[in-house]
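Structure file final_6.txt (compact mmCIF, C-alpha atoms) follows.
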# COMPACT_ATOMS: atom_id res chain seq x y z
CA MET F 1004 -48.12 -67.76 -23.77
CA ALA F 1005 -49.82 -64.76 -25.27
CA TYR F 1006 -53.11 -65.10 -27.10
CA LYS F 1007 -53.15 -63.88 -30.67
CA PHE F 1008 -56.09 -61.68 -31.57
CA LEU F 1009 -57.10 -60.03 -34.82
CA ALA F 1010 -58.94 -56.69 -34.85
CA VAL F 1011 -60.75 -56.35 -38.16
CA CYS F 1012 -62.57 -53.40 -39.72
CA GLY F 1013 -64.06 -52.63 -43.10
CA PHE F 1014 -62.34 -49.50 -44.39
CA GLY F 1015 -58.94 -50.19 -42.90
CA VAL F 1016 -58.48 -46.51 -41.98
CA GLY F 1017 -58.28 -46.94 -38.27
CA SER F 1018 -61.33 -48.33 -36.52
CA SER F 1019 -59.44 -51.60 -36.16
CA MET F 1020 -56.57 -49.77 -34.50
CA VAL F 1021 -58.95 -48.20 -32.02
CA LEU F 1022 -60.28 -51.69 -31.29
CA LYS F 1023 -56.73 -53.02 -30.92
CA MET F 1024 -55.93 -50.35 -28.33
CA THR F 1025 -59.07 -51.14 -26.35
CA LEU F 1026 -58.35 -54.89 -26.49
CA GLU F 1027 -54.80 -54.33 -25.23
CA LYS F 1028 -55.94 -52.04 -22.46
CA VAL F 1029 -58.68 -54.37 -21.26
CA ALA F 1030 -56.37 -57.41 -21.48
CA ARG F 1031 -53.78 -55.58 -19.35
CA GLU F 1032 -56.45 -54.80 -16.77
CA ARG F 1033 -57.32 -58.51 -16.65
CA GLY F 1034 -53.69 -59.53 -16.41
CA ILE F 1035 -53.70 -61.59 -19.59
CA GLU F 1036 -51.10 -61.38 -22.32
CA VAL F 1037 -52.27 -60.71 -25.87
CA GLU F 1038 -50.79 -59.86 -29.23
CA VAL F 1039 -53.23 -57.92 -31.38
CA GLU F 1040 -52.87 -57.40 -35.10
CA THR F 1041 -55.09 -55.10 -37.14
CA MET F 1042 -56.41 -56.09 -40.55
CA ASP F 1043 -59.05 -55.24 -43.04
CA LEU F 1044 -61.63 -57.82 -43.96
CA SER F 1045 -59.91 -59.21 -47.07
CA SER F 1046 -56.60 -60.01 -45.35
CA ALA F 1047 -58.24 -61.42 -42.21
CA LYS F 1048 -59.47 -64.50 -44.00
CA GLY F 1049 -57.33 -67.56 -43.53
CA SER F 1050 -54.89 -66.11 -41.00
CA GLY F 1051 -53.92 -68.01 -37.87
CA ALA F 1052 -55.14 -66.44 -34.64
CA ASP F 1053 -56.95 -67.47 -31.47
CA ALA F 1054 -59.84 -65.10 -31.98
CA ILE F 1055 -61.16 -62.36 -34.26
CA PHE F 1056 -62.80 -59.23 -32.86
CA THR F 1057 -64.84 -57.15 -35.27
CA SER F 1058 -68.17 -55.42 -35.88
CA GLN F 1059 -71.51 -57.22 -35.91
CA GLU F 1060 -71.86 -56.93 -39.69
CA LEU F 1061 -68.35 -58.08 -40.57
CA GLY F 1062 -68.59 -60.71 -37.86
CA ASP F 1063 -71.49 -62.41 -39.62
CA GLU F 1064 -69.47 -62.50 -42.84
CA LEU F 1065 -66.32 -63.83 -41.13
CA LYS F 1066 -68.24 -66.48 -39.19
CA ARG F 1067 -69.34 -67.99 -42.48
CA SER F 1068 -65.80 -68.31 -43.84
CA GLU F 1069 -63.60 -68.73 -40.74
CA LYS F 1070 -63.02 -71.55 -38.30
CA ILE F 1071 -61.45 -69.12 -35.80
CA PRO F 1072 -63.98 -67.94 -33.19
CA VAL F 1073 -65.39 -64.49 -33.99
CA PHE F 1074 -66.45 -62.03 -31.26
CA PRO F 1075 -68.56 -59.12 -32.47
CA VAL F 1076 -68.11 -55.73 -30.77
CA LYS F 1077 -70.50 -52.84 -31.41
CA ARG F 1078 -68.49 -50.04 -29.81
CA TYR F 1079 -64.78 -50.33 -30.37
CA MET F 1080 -63.82 -47.90 -27.63
CA ASP F 1081 -66.21 -49.20 -24.97
CA LYS F 1082 -64.02 -50.91 -22.38
CA GLU F 1083 -66.95 -52.73 -20.76
CA GLU F 1084 -68.25 -54.20 -24.00
CA VAL F 1085 -64.76 -55.19 -25.18
CA GLY F 1086 -64.17 -56.65 -21.72
CA ARG F 1087 -67.26 -58.83 -22.04
CA ALA F 1088 -66.04 -60.05 -25.45
CA ILE F 1089 -62.66 -60.99 -23.95
CA ASP F 1090 -64.40 -62.75 -21.05
CA ASP F 1091 -66.48 -64.73 -23.56
CA PHE F 1092 -63.25 -65.72 -25.30
CA LEU F 1093 -61.56 -66.68 -22.02
CA ALA F 1094 -64.55 -68.80 -21.02
CA THR F 1095 -63.76 -71.03 -23.99
CA HIS F 1096 -59.99 -71.09 -23.31
CA GLU F 1097 -58.24 -72.20 -20.15
CA GLU F 1098 -54.88 -70.44 -19.69
CA VAL F 1099 -52.11 -72.45 -21.35
CA MET L 303 -48.91 -36.11 -34.51
CA LEU L 304 -52.39 -35.14 -33.40
CA ASN L 305 -51.74 -31.39 -33.62
CA GLU L 306 -50.92 -31.73 -37.33
CA LEU L 307 -54.42 -33.05 -37.99
CA LEU L 308 -56.58 -31.24 -35.46
CA ASN L 309 -56.36 -27.64 -34.27
CA ARG L 310 -58.58 -25.05 -32.62
CA ASP L 311 -59.85 -23.70 -35.97
CA ARG L 312 -61.31 -27.13 -36.67
CA MET L 313 -63.18 -27.40 -33.36
CA GLN L 314 -66.77 -26.20 -32.95
CA HIS L 315 -69.38 -26.26 -30.23
CA GLN L 316 -73.09 -25.64 -30.58
CA LYS L 317 -76.35 -26.19 -28.72
CA GLY L 318 -77.87 -28.79 -30.99
CA VAL L 319 -78.56 -30.01 -34.53
CA GLU L 320 -81.61 -31.39 -36.32
CA SER L 321 -80.07 -34.71 -37.30
CA TRP L 322 -76.87 -36.73 -37.24
CA GLN L 323 -76.47 -35.99 -40.95
CA GLU L 324 -76.45 -32.28 -40.15
CA ALA L 325 -73.93 -32.90 -37.37
CA ILE L 326 -71.52 -34.57 -39.81
CA ARG L 327 -71.97 -31.68 -42.28
CA VAL L 328 -71.42 -29.01 -39.63
CA ALA L 329 -68.41 -30.84 -38.17
CA SER L 330 -66.89 -31.11 -41.66
CA GLY L 331 -67.29 -27.37 -42.34
CA PRO L 332 -63.75 -26.26 -41.42
CA LEU L 333 -62.20 -29.12 -43.43
CA LEU L 334 -64.27 -28.16 -46.49
CA LYS L 335 -63.24 -24.53 -46.16
CA GLU L 336 -59.57 -25.47 -45.95
CA HIS L 337 -59.91 -27.87 -48.93
CA VAL L 338 -58.78 -30.79 -46.78
CA ILE L 339 -61.82 -32.71 -48.07
CA ASP L 340 -64.56 -32.08 -50.61
CA GLU L 341 -68.34 -32.61 -50.53
CA MET L 342 -67.93 -36.08 -51.96
CA TYR L 343 -66.22 -37.23 -48.77
CA VAL L 344 -68.95 -35.73 -46.58
CA ASP L 345 -71.59 -37.55 -48.61
CA ALA L 346 -69.58 -40.77 -48.40
CA MET L 347 -69.38 -40.57 -44.58
CA ILE L 348 -73.16 -40.14 -44.36
CA GLN L 349 -73.87 -42.84 -46.96
CA SER L 350 -71.63 -45.27 -45.12
CA VAL L 351 -73.72 -44.97 -41.93
CA GLU L 352 -76.88 -45.42 -44.01
CA ASP L 353 -75.38 -48.59 -45.54
CA ASN L 354 -73.45 -50.09 -42.61
CA GLY L 355 -75.29 -48.87 -39.52
CA PRO L 356 -74.02 -46.94 -36.53
CA TYR L 357 -70.52 -48.49 -36.53
CA ILE L 358 -68.99 -45.01 -36.13
CA VAL L 359 -70.34 -44.77 -32.56
CA LEU L 360 -67.26 -46.00 -30.67
CA LYS L 361 -68.51 -45.38 -27.14
CA ASP L 362 -71.35 -43.62 -25.34
CA TYR L 363 -71.94 -40.18 -26.93
CA PHE L 364 -68.88 -40.41 -29.20
CA ALA L 365 -68.86 -40.91 -32.98
CA LEU L 366 -65.94 -41.05 -35.41
CA PRO L 367 -67.41 -40.38 -38.86
CA HIS L 368 -65.10 -41.59 -41.64
CA ALA L 369 -65.18 -43.18 -45.09
CA ALA L 370 -62.72 -44.75 -47.49
CA ALA L 371 -59.27 -43.16 -47.52
CA GLY L 372 -58.27 -40.84 -50.33
CA LYS L 373 -61.68 -40.50 -51.99
CA GLY L 374 -62.46 -36.80 -51.68
CA VAL L 375 -59.61 -36.33 -49.17
CA TYR L 376 -56.59 -34.19 -50.14
CA VAL L 377 -54.57 -34.13 -46.92
CA PRO L 378 -55.08 -36.00 -43.64
CA GLY L 379 -57.24 -34.06 -41.21
CA MET L 380 -59.64 -34.18 -38.29
CA ALA L 381 -62.43 -31.88 -37.12
CA LEU L 382 -64.47 -31.84 -33.93
CA LEU L 383 -68.05 -30.84 -33.17
CA THR L 384 -69.39 -30.99 -29.63
CA LEU L 385 -73.10 -30.60 -28.89
CA GLU L 386 -74.87 -29.51 -25.76
CA ASP L 387 -77.94 -31.56 -26.62
CA PRO L 388 -77.25 -35.07 -27.92
CA VAL L 389 -78.59 -36.01 -31.35
CA ASP L 390 -79.85 -39.49 -32.23
CA LEU L 391 -77.65 -41.58 -34.52
CA LYS L 392 -79.67 -44.68 -35.33
CA GLY L 393 -80.57 -45.39 -31.71
CA ASN L 394 -77.44 -43.91 -30.11
CA PRO L 395 -77.37 -40.46 -28.49
CA VAL L 396 -74.22 -38.63 -29.65
CA LYS L 397 -72.68 -35.40 -28.33
CA ILE L 398 -69.19 -35.61 -29.83
CA PHE L 399 -68.49 -35.94 -33.56
CA LEU L 400 -64.89 -36.32 -34.63
CA VAL L 401 -64.54 -36.38 -38.41
CA LEU L 402 -61.56 -38.40 -39.62
CA ALA L 403 -60.22 -37.81 -43.13
CA ALA L 404 -57.45 -40.17 -44.21
CA ILE L 405 -55.40 -40.25 -47.41
CA ASP L 406 -54.14 -43.81 -46.91
CA SER L 407 -54.23 -46.51 -44.25
CA SER L 408 -51.25 -45.32 -42.19
CA THR L 409 -50.40 -41.57 -42.25
CA HIS L 410 -52.99 -40.62 -39.62
CA LEU L 411 -52.54 -43.63 -37.33
CA GLU L 412 -50.22 -42.02 -34.81
CA ALA L 413 -52.64 -39.12 -34.34
CA LEU L 414 -55.59 -41.48 -34.04
CA SER L 415 -53.78 -43.59 -31.50
CA GLN L 416 -52.89 -40.50 -29.41
CA LEU L 417 -56.50 -39.43 -29.52
CA SER L 418 -57.88 -42.87 -28.61
CA GLU L 419 -55.55 -43.04 -25.64
CA GLN L 420 -56.99 -39.72 -24.42
CA LEU L 421 -60.61 -40.70 -25.06
CA MET L 422 -60.19 -43.91 -23.09
CA ASP L 423 -59.09 -41.90 -20.06
CA ASP L 424 -62.26 -41.30 -18.05
CA GLU L 425 -61.19 -37.87 -16.80
CA VAL L 426 -60.29 -36.59 -20.25
CA TYR L 427 -63.51 -38.06 -21.61
CA GLU L 428 -65.51 -36.02 -19.09
CA VAL L 429 -63.82 -32.91 -20.52
CA PHE L 430 -64.97 -33.91 -24.02
CA LEU L 431 -68.52 -34.43 -22.78
CA SER L 432 -68.51 -30.95 -21.24
CA GLY L 433 -68.07 -29.53 -24.75
CA ASP L 434 -65.70 -26.85 -23.43
CA LEU L 435 -63.38 -26.33 -26.42
CA ASP L 436 -60.68 -24.54 -24.43
CA ALA L 437 -60.53 -27.38 -21.93
CA ILE L 438 -60.55 -29.99 -24.73
CA GLY L 439 -57.77 -28.14 -26.54
CA ASN L 440 -55.72 -28.05 -23.35
CA ALA L 441 -56.32 -31.73 -22.62
CA LEU L 442 -55.12 -32.60 -26.13
CA LYS L 443 -52.27 -30.07 -25.97
CA LEU L 444 -53.52 -28.24 -29.08
Kindly transcribe the structure held in the file into structure tokens.
Amino acid sequence: MAYKFLAVCGFGVGSSMVLKMTLEKVARERGIEVEVETMDLSSAKGSGADAIFTSQELGDELKRSEKIPVFPVKRYMDKEEVGRAIDDFLATHEEV
Amino acid sequence: MLNELLNRDRMQHQKGVESWQEAIRVASGPLLKEHVIDEMYVDAMIQSVEDNGPYIVLKDYFALPHAAAGKGVYVPGMALLTLEDPVDLKGNPVKIFLVLAAIDSSTHLEALSQLSEQLMDDEVYEVFLSGDLDAIGNALKL
């Protein structure tokens, strides 16, 4: 079963899509299946997903309102940093 | 398509700049001249970093300055500035500034996705870091 991730950014002009591409690439390299949807902050609230990936600032806001685990990423195109965020997520989830 | 948003006339290289604010202004120059954006958008990109921090730094040495779509933007466009000497952007050294001007949330996405794909390729990224505009243009097929 594929994990469902949300990539969230503030302006909704594309940073979240960059993050989505990095998440997909890194997930492929790790051999895990993911479905990533992009959203801006307002639509991210209350949606069903396994994890939310977003910036530090938006992450703090989402953590207050969301039950879904939030993983902050500083550099959306940095494969190593995004990889660490995915590893943190995987550490809390055994493969179904 | 990427080549509809970015072309050689919108790519610049120089030794250095005084500040990241200057880098964003210099990078935006060709887009201002072509009336793709106006000064309001340039100010908004700078203000947004002041307000929200260095979120535009997407990887080592690479920044994607942008602000809200359609406010001071007339057509979708991109412009590139490469620097020989990195400039500090709130604790991050940056050599590549790629200004993104969007009119809505979707028109530019294909171009941005093409570009991200390239920038995530380590070999192509080395070409960007070199600052060689001819080589960058070739790598992006512009």
(message) I'd like the neighbourhood of Arg312 (chain L) as an NGL selection string, where a residue qualifies if any of its atoms comes within 12 Å (using all atoms listed in the file), though same-chain residues fewer than 2 positions away should be ignored.
(response) :L and (305-310 or 314-315 or 328-336 or 338 or 379-384 or 399-402 or 435 or 439 or 444)
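Residues within 9 Å of region 410-424 of chain L, counting only C-alpha atoms and excluding same-chain residues fewer than 3 positions away, are Val1016, Gly1017, Met1020, Val1021, Met1024, Thr1025, Met1080, Asp1081 and Lys1082 of chain F; Met303, Leu304, Asn305, Glu306, Leu307, Leu308, Pro378, Gly379, Leu402, Ala403, Ala404, Ile405, Asp406, Ser407, Tyr427, Glu428, Val429, Phe430, Ala441 and Leu442 of chain L.
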Hey, could you pull the box centre and edge lengths for region 325-332 of chain L, axis-aligned, 6 Å padding per side, all listed atoms, to one decimal in Å, as JSON?
{"center_x": -68.8, "center_y": -30.4, "center_z": -39.9, "size_x": 22.2, "size_y": 20.3, "size_z": 17.0}
List every residue of chain L that has an atom at most 6 Å from any atom of chain F, and for each one report the closest atom pair and its distance in Å to one decimal, counting all atoms listed in the file, with rows sorted by chain and then by increasing residue number, as a Markdown table.
| residue | atom | partner | partner_atom | distance |
| --- | --- | --- | --- | --- |
| L:Leu360 | CA | F:Arg1078 | CA | 4.3 |
| L:Lys361 | CA | F:Asp1081 | CA | 5.0 |
| L:Ala370 | CA | F:Phe1014 | CA | 5.7 |
| L:Ser407 | CA | F:Val1016 | CA | 4.8 |
(request) Fewer than 4 positions away in the same chain doesn't count, so skip those; otherwise give me all residues within 10 Å of Ile1071 (chain F), counting all atoms listed in the file, as a ChimeraX atom specification. (result) /F:1048-1055,1065-1066
(request) With a distance cut-off of 12 Å and only C-alpha atoms, select the neighbouring residues of Asp1091 (chain F), excluding the residue or stretch itself and same-chain residues fewer than 6 positions from it, and output the selection as a ChimeraX atom specification. (result) /F:1054,1056,1072-1076,1084-1085,1097
(message) If I take CA of Val359 (chain L) and CA of Ile398 (chain L), how far is one from the other in Å, to one decimal?
(response)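 About the pair CA of Val359 (chain L) and CA of Ile398 (chain L): they are 9.6 Å apart.
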(request) Work out how far apart CA of Val1029 (chain F) and CA of Ala1010 (chain F) are and give it in Å to one decimal. (result)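 Separation between CA of Val1029 (chain F) and CA of Ala1010 (chain F): 13.8 Å.
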(request) Rounded to one decimal place, report the CA of Gly318 (chain L)-CA of Val344 (chain L) distance in Å. (result) 19.3 Å
